[in-house]
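Visitor: Here it is, the structure in full.
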There are 2 protein chains.
Amino acid sequence: MFIRKGMDGTRMQEIADEAGINKALLHYYFRSKDKLFEAVFRSIIGGFFSSIAGAITGEMPTVEKADFIITHYIRMIEENPFAPQFIINEINRNPQMLRDIMLSFNINPKHLVQSFDNGQTRKLPFDPRQFVITFLSMSIFPYAARNLLQMVYFEDDKEAYNRFLEERKLFIKQMIIKMLEA
Amino acid sequence: MFIRKGMDGTRMQEIADEAGINKALLHYYFRSKDKLFEAVFRSIIGGFFSSIAGAITGEMPTVEKADFIITHYIRMIEENPFAPQFIINEINRNPQMLRDIMLSFNINPKHLVQSFDNGQTRKLPFDPRQFVITFLSMSIFPYAARNLLQMVYFEDDKEAYNRFLEERKLFIKQMIIKMLEA
DNA sequence: GTCTATATCGGGATAGAC
DNA sequence: GTCTATCCCGATATAGAC
């Protein structure tokens with residue numbers, strides 16, 4: 001419910017109904033709405049975040065390695081299509097939470113940045129983060145803006161949009177590989 | 001305030017304070033929070049939406065035309081960096097509103113889709129919407145997810161991220177033109 | 001049109017029985 | 001642990017003076 005309607009838009013009563021219990025019990029377990037939300041948020045961000053990190057630590061990808069990472073990452077988005085936008089929203093609402101979570105997941109931003117200097121991308125004419133963020137953009141945005149894009153460009157045809165997303169997996173792979181080879 | 005904190009997270013009192021008036025006057029003008037929100041939303045989406053449409057109606061872009069459109073579109077995002085995510089969020093919250101607005105702006109989805117069949121892109125091996133949505137993704141996502149990306153990949157260095165965005169304009173142009181030429 | 005004061009209600013949180 | 005009943009505050013909305 002938090003994912004669908006956000007922290008502010010969700011009622012404790014709705015959550016209790018969905019869980020088949022009552023509000024009081026919800027407070028008994030989590031003490032407050034804030035605490036409940038944080039618990040939910042941490043569990044959602046966990047998988048996604050470690051994958052974002054995993055996708056770029058170590059040496060930068062060779063083309064073969066990139067292919068593996070892309071497949072893995074896109075599958076994760078497919079399985080959690082609403083998670084990315086939820087994460088983005090809540091980090092905008094409360095940026096401090098991300099810092100805490102990064103610490104608790106033992107992720108050091110410095111290491112992330114340094115890892116860009118390894119591997120073959122060093123000869124590229126652009127900051128290699130351009131490629132990483134381009135990949136994330138191409139993968140995440142069509143899910144985050146699904147309702148908008150589906151309505152504007154696909155006459156609100158759900159099936160047509162699903163086919164588009166399916167075709168897009170190959171498209172993304174080819175684009176990224178082309179960029180890395182360029 | 002709606003852009004920053006969303007419809008649910010914004011208080012009428014805050015808006016009144018910001019405007020230097022009081023709550024009662026706000027209701028006098030707009031009758032209800034819902035009505036006020038819709039007025040704000042329509043005015044924000046207006047410019048963006050007509051540009052999304054304008055960017056792809058008529059024949060599909062030649063490389064020269066694409067360059068012009070990209071420059072124009074990115075500038076609009078730069079001037080309203082929070083608008084895209086706001087629009088995406090509120091359309092997810094209330095998809096019907098977009099349908100109404102599209103009607104009132106006289107935008108017909110069928111025409112949008114048909115326009116993809118014109119021009120040189122017809123020979124491309126992919127649905128041309130892949131290119132349009134790739135462009136939108138590359139342009140919008142780095143603004144929508146700014147807090148997240150800046151923290152994870154730029155050690156929360158605001159200036160470094162601004163330089164990245166500046167460099168990205170050229171990067172996007174080159175990528176899109178490369179795709180269209182491919 | 002603009003204000004103060006107030007009605008009304010919804011929702012987070014708690015008390016206390018079981 | 002789980003429930004019902006209730007407190008209490010904050011937020012939308014309105015009444016009514018000026």
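Simple scheme: letters A, B, ... for chains in structure tokens order, numbers from 1 for residues in each chain, numbers from 1 for ligands in the order shown.
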List as number ranges by chain the protein and nucleic acid residues near DG11 in chain C, meaning an atom at most 9 Å away when only C-alpha atoms (C1' of nucleotides) are counted, but skip any in the same chain fewer than 6 places from it.

Guide: A: 11-13

Visitor: Produce a table with one row for each residue of chain A that has an atom at most 12 Å from any atom of chain C, each row naming the nearest atom pair and its distance in Å at one decimal; use only C-alpha atoms (C1' of nucleotides); arrange rows by chain and rising residue number; format as a tab-separated table.

Guide:
```
residue	atom	partner	partner_atom	distance
A:Asp8	CA	C:DG11	C1'	11.3
A:Gly9	CA	C:DG11	C1'	11.4
A:Thr10	CA	C:DG11	C1'	10.4
A:Arg11	CA	C:DG11	C1'	7.4
A:Met12	CA	C:DG12	C1'	7.8
A:Gln13	CA	C:DG11	C1'	8.4
A:Glu14	CA	C:DG11	C1'	11.0
A:Lys23	CA	C:DG12	C1'	9.2
A:Ala24	CA	C:DA13	C1'	8.3
A:Leu25	CA	C:DA13	C1'	11.3
A:Leu26	CA	C:DA13	C1'	10.6
A:His27	CA	C:DA13	C1'	7.7
A:Tyr28	CA	C:DT14	C1'	10.1
A:Phe30	CA	C:DA13	C1'	11.6
A:Arg31	CA	C:DA13	C1'	8.7
A:Ser32	CA	C:DA13	C1'	7.8
A:Lys33	CA	C:DG12	C1'	7.7
A:Asp34	CA	C:DG12	C1'	10.5
```

Visitor: Can you tell me which residues surround Phe141 in chain A at a distance of at most 9 Å, considering only C-alpha atoms (C1' of nucleotides), apart from same-chain residues fewer than 6 positions away, and format the answer as a list in words?

Guide: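 So, after excluding close chain neighbours, the residues are Pro84 and Gln85 of chain A; Ile133, Thr134, Leu136, Ser137, Met138, Ile140 and Phe141 of chain B.
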
Visitor: At what distance in Å, to one decimal, does CA of Glu155 in chain B lie from CA of Gln96 in chain A?

Guide: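 Pair CA of Gln96 in chain A / CA of Glu155 in chain B returns 13.3 Å.
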
Visitor: If I take CA of Lys158 in chain B and CA of Arg146 in chain B, how far is one from the other in Å, to one decimal?

Guide: 9.6 Å

Visitor: Rank A:Gln130, A:Leu149, A:Asn22, A:Ser104 by their smallest atom-to-atom distance to chain D, using only C-alpha atoms (C1' of nucleotides), and report the top residue only.

Guide: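 Answer, going by the shortest atom-to-atom distance: A:Asn22.
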